[in-house]
Amino acid sequence: MLCFPCPEPALRILATAALSLAITLAVGARAQDTSLPDIGSSAAEMIDPGTEAEYGAYLRYELRRLDMLVEDPLVDDWLQSMGYRLAAASDVPRHGFTFFMMRDRQINAFATLGGYIGMNAGLVLTAETEAEVAGVMAHEIAHVTQRHVLRAYERASKDQVPIMLAMLGAIVAAQAVGDSGGQDSSSSNASMAAVAGAMALIQQRQIDYTRSNESEADRIGIQTLSRAGFDPNGMADFFERMQRANRGNSGGYQLPEYLRTHPVTTTRISETRQLANRIGGAAGRQPTAVRTPGSLLLPGELSLATSGGSAFDRDHIFPWARERLRVLSASSARQALLEYEALAKVADPDDSDALQYGLALAQQRAGRPREAATTLDALLERHPGDLWLELARAESAARYRQPAEASERFEALLKRHPESRAVRLSYAEVLGERATPEAGRRAQDVLRPLVPTAGDDPLFQRNFARASELAGDEVRAGEAYAEAAFLNGRAVDALNQLERLKQREDLSYYQRARIEARMAAITPVVLEMRRQGIRAEEQRPDQR
């Protein structure tokens, strides 16, 4: 708490900011802080599904603009596969969901309006099995399907006026004391106490409704976890890991953020463990279902054999995903290398291959592709045909300035994995770095199969813009650059780019109509973002 005297205008600003922050937390990240079952709730009437989805999208736009997301094709595919597998097994499978990964190393996950579910990289790095990560995600999915998020919005709206009046009344009273001859510091401290009191009231209202929602999300989440083919003990396993972290919370150690919003107690762990055992986890860890890449529409318990070998085991993929996230969430390539040096001293032998994969990625990002290639070649001898390793090996060839070998490896990957978004985006990026018209045209061909499903994919739009630019298709390049700007939280910038593009005299009727239609779609978004107080960021030189 601030202890120095504050002038009256500053106090008003502070009071408003404190209240806004508390209500924002109640509506967004702390999705579980709401009321009980949906009997007569008016939440669904306060905000329609379309508006709810828009608010979730605005959140992700802002997170992208602030560079807080990890947007990597392989990590995205892994996260979406796990998320949609759980969503399909939930009690409301028709509900729409959007899953995204945060760069933050804090242990946390959250659900917000529109079915948007975010997970911090730190949570994945802490987990030891995919079932633990899936347990947290199933819990957050339950918060959405049980309308905990919507009821949080309703409750925050109802609380806003009385709490604000109480806060302002206390500030006025404190100011009156100061005007009647009291010390300025006394008046300011009393006003600060009023702000703190109002925030404490909000926190107490949240606590009153947290336990029931958490219990409900645990129960439904474990059922979802089991139906999706994951070990139902995954949730309890992760809670126990968090409890151990809590016990170590001494000597200045910072409590994991997940424990602040999802309190873990011995009783809660016991209840989740008992429920998991009743559902089917009493005999110990169950085999995790397998899934073939590119077959995400199959039920979780089914697999599709391929002519190229056996189906991929998700337990095999998880260590690769975790180490890839470790590298992508590191503050720098050097920091990632230092981290792997430290891990090598205490690593479990079972994790050695995954750590070697992470080390190769760190070496590649640090400008040491030859060392990365050597590390990956050794791994491929033990895991022949592995997509994650093969893709990293093709990228290392490109970084090592071996374009012929890189193209050969990428073309082979395209033949074996024609539906892989990761392969196509990675290959297009490598082609874009060659900066020739031929490379641009080939990149366009590589990316074209993704067009029907890539409308909200900023990685695709950026790569397609670069490919079109190199190929001499300036109009397509301009449209894609504008779309990338929009998806990265720069809606005004996108609108301005499209306006400039529309001024071209060489546009065909269809090109002009397409540009005008997109401008008409973006304009209401810009107006709404302005109404919500979201300001456009100035365009940086590296952002077109």
# chains A, B, ... in the order shown; residues from 1 in each chain; ligands from 1
>>> closest_atom_pairs(of="region 89-153 of chain A", to="region 323-329 of chain A", cutoff="12 Å", atoms="only C-alpha atoms", output="JSON lines")
{"residue": "A:Met101", "atom": "CA", "partner": "A:Leu325", "partner_atom": "CA", "distance": 9.3}
{"residue": "A:Met102", "atom": "CA", "partner": "A:Ser329", "partner_atom": "CA", "distance": 8.6}
{"residue": "A:Arg103", "atom": "CA", "partner": "A:Ser329", "partner_atom": "CA", "distance": 5.2}
{"residue": "A:Asp104", "atom": "CA", "partner": "A:Ser329", "partner_atom": "CA", "distance": 7.0}
{"residue": "A:Arg105", "atom": "CA", "partner": "A:Ser329", "partner_atom": "CA", "distance": 7.1}
{"residue": "A:Gln106", "atom": "CA", "partner": "A:Ser329", "partner_atom": "CA", "distance": 10.8}
{"residue": "A:Met119", "atom": "CA", "partner": "A:Leu325", "partner_atom": "CA", "distance": 11.8}
{"residue": "A:Asn120", "atom": "CA", "partner": "A:Ser329", "partner_atom": "CA", "distance": 9.6}
{"residue": "A:Ala121", "atom": "CA", "partner": "A:Leu325", "partner_atom": "CA", "distance": 6.4}
{"residue": "A:Gly122", "atom": "CA", "partner": "A:Arg326", "partner_atom": "CA", "distance": 8.4}
{"residue": "A:Leu123", "atom": "CA", "partner": "A:Leu325", "partner_atom": "CA", "distance": 10.5}
{"residue": "A:Val124", "atom": "CA", "partner": "A:Leu325", "partner_atom": "CA", "distance": 8.0}
{"residue": "A:Leu125", "atom": "CA", "partner": "A:Arg326", "partner_atom": "CA", "distance": 6.8}
{"residue": "A:Thr126", "atom": "CA", "partner": "A:Arg326", "partner_atom": "CA", "distance": 10.4}
{"residue": "A:Ala127", "atom": "CA", "partner": "A:Glu323", "partner_atom": "CA", "distance": 11.6}
{"residue": "A:Glu128", "atom": "CA", "partner": "A:Glu323", "partner_atom": "CA", "distance": 11.6}
>>> closest_atom_pairs(of="region 378-410 of chain A", to="region 432-447 of chain A", cutoff="10 Å", atoms="only C-alpha atoms", output="JSON lines")
{"residue": "A:Ala398", "atom": "CA", "partner": "A:Glu433", "partner_atom": "CA", "distance": 9.4}
{"residue": "A:Arg399", "atom": "CA", "partner": "A:Glu433", "partner_atom": "CA", "distance": 10.0}
{"residue": "A:Pro403", "atom": "CA", "partner": "A:Arg434", "partner_atom": "CA", "distance": 8.7}
>>> residues_around(residues="His139 (chain A)", least_positions_apart="4", cutoff="7 Å", atoms="only C-alpha atoms", output="list in words")
Gly135, His143, Ala217, Asp218 and Gly221 of chain A
>>> write_last_selection(atoms="N, CA, C and O atoms", output="PDB file, in the first residue's frame")
ATOM      1  N   GLY A 135      -5.508 -31.742 -17.220  1.00  0.00           N
ATOM      2  CA  GLY A 135      -6.359 -31.575 -16.046  1.00  0.00           C
ATOM      3  C   GLY A 135      -6.670 -30.117 -15.767  1.00  0.00           C
ATOM      4  O   GLY A 135      -7.811 -29.754 -15.458  1.00  0.00           O
ATOM      5  N   HIS A 143     -15.220 -24.192 -16.228  1.00  0.00           N
ATOM      6  CA  HIS A 143     -15.626 -22.835 -15.833  1.00  0.00           C
ATOM      7  C   HIS A 143     -16.453 -22.174 -16.939  1.00  0.00           C
ATOM      8  O   HIS A 143     -17.379 -21.419 -16.658  1.00  0.00           O
ATOM      9  N   ALA A 217     -16.044 -27.143 -10.967  1.00  0.00           N
ATOM     10  CA  ALA A 217     -15.110 -27.244 -12.091  1.00  0.00           C
ATOM     11  C   ALA A 217     -14.201 -28.464 -11.940  1.00  0.00           C
ATOM     12  O   ALA A 217     -13.857 -29.114 -12.931  1.00  0.00           O
ATOM     13  N   ASP A 218     -13.804 -28.772 -10.717  1.00  0.00           N
ATOM     14  CA  ASP A 218     -12.999 -29.980 -10.482  1.00  0.00           C
ATOM     15  C   ASP A 218     -13.778 -31.229 -10.878  1.00  0.00           C
ATOM     16  O   ASP A 218     -13.271 -32.096 -11.609  1.00  0.00           O
ATOM     17  N   GLY A 221     -14.510 -31.283 -14.613  1.00  0.00           N
ATOM     18  CA  GLY A 221     -13.249 -31.373 -15.333  1.00  0.00           C
ATOM     19  C   GLY A 221     -12.669 -32.777 -15.309  1.00  0.00           C
ATOM     20  O   GLY A 221     -12.135 -33.262 -16.318  1.00  0.00           O
TER      21      GLY A 221
END
>>> atom_distance(atom1="CA of Val92 (chain A)", atom2="CA of Gln223 (chain A)")
12.4 Å
>>> residues_around(residues="Leu79 (chain A)", least_positions_apart="6", cutoff="10 Å", atoms="only C-alpha atoms", output="VMD selection string")
chain A and resid 73 85 99 to 101 119 133 to 134 137 318 321
>>> write_last_selection(atoms="N, CA and C atoms", output="PDB file, in the first residue's frame")
ATOM      1  N   PRO A  73       3.748 -22.781 -34.688  1.00  0.00           N
ATOM      2  CA  PRO A  73       2.849 -23.766 -35.296  1.00  0.00           C
ATOM      3  C   PRO A  73       2.816 -25.119 -34.602  1.00  0.00           C
ATOM      4  N   ARG A  85      -9.822 -31.872 -28.097  1.00  0.00           N
ATOM      5  CA  ARG A  85     -10.121 -33.224 -27.634  1.00  0.00           C
ATOM      6  C   ARG A  85     -10.893 -33.165 -26.316  1.00  0.00           C
ATOM      7  N   PHE A  99      -8.042 -21.627 -27.719  1.00  0.00           N
ATOM      8  CA  PHE A  99      -6.958 -21.898 -26.775  1.00  0.00           C
ATOM      9  C   PHE A  99      -5.695 -21.170 -27.235  1.00  0.00           C
ATOM     10  N   PHE A 100      -4.997 -20.550 -26.297  1.00  0.00           N
ATOM     11  CA  PHE A 100      -3.754 -19.866 -26.668  1.00  0.00           C
ATOM     12  C   PHE A 100      -2.743 -19.983 -25.537  1.00  0.00           C
ATOM     13  N   MET A 101      -1.459 -19.871 -25.921  1.00  0.00           N
ATOM     14  CA  MET A 101      -0.361 -20.043 -24.980  1.00  0.00           C
ATOM     15  C   MET A 101       0.296 -18.699 -24.676  1.00  0.00           C
ATOM     16  N   MET A 119      -3.196 -20.297 -21.300  1.00  0.00           N
ATOM     17  CA  MET A 119      -2.334 -21.088 -20.422  1.00  0.00           C
ATOM     18  C   MET A 119      -0.928 -20.528 -20.493  1.00  0.00           C
ATOM     19  N   VAL A 133      -1.347 -31.224 -17.509  1.00  0.00           N
ATOM     20  CA  VAL A 133      -1.733 -30.024 -18.254  1.00  0.00           C
ATOM     21  C   VAL A 133      -3.192 -30.123 -18.684  1.00  0.00           C
ATOM     22  N   ALA A 134      -3.589 -31.298 -19.165  1.00  0.00           N
ATOM     23  CA  ALA A 134      -4.971 -31.513 -19.598  1.00  0.00           C
ATOM     24  C   ALA A 134      -5.940 -31.354 -18.424  1.00  0.00           C
ATOM     25  N   MET A 137      -6.548 -27.700 -18.037  1.00  0.00           N
ATOM     26  CA  MET A 137      -7.368 -27.205 -19.139  1.00  0.00           C
ATOM     27  C   MET A 137      -8.816 -27.679 -18.998  1.00  0.00           C
ATOM     28  N   PHE A 318       4.449 -34.765 -25.821  1.00  0.00           N
ATOM     29  CA  PHE A 318       4.462 -33.776 -24.737  1.00  0.00           C
ATOM     30  C   PHE A 318       5.870 -33.300 -24.359  1.00  0.00           C
ATOM     31  N   ALA A 321       7.002 -30.764 -26.836  1.00  0.00           N
ATOM     32  CA  ALA A 321       6.270 -29.499 -26.688  1.00  0.00           C
ATOM     33  C   ALA A 321       6.781 -28.711 -25.495  1.00  0.00           C
TER      34      ALA A 321
END
>>> atom_distance(atom1="CA of Glu429 (chain A)", atom2="CA of Gly489 (chain A)")
21.8 Å
>>> residues_around(residues="region 475-483 of chain A", least_positions_apart="6", cutoff="7 Å", atoms="only C-alpha atoms", output="PyMOL selection string")
chain A and resi 461-462+464-466+468-469+494+497-498+501+544
>>> atom_distance(atom1="CA of Ala87 (chain A)", atom2="CA of Gly229 (chain A)")
12.3 Å
>>> closest_residue(among="A:Ala336, A:Ala513, A:Ala342, A:Val75", to="Ala360 (chain A)", atoms="only C-alpha atoms")
A:Ala336
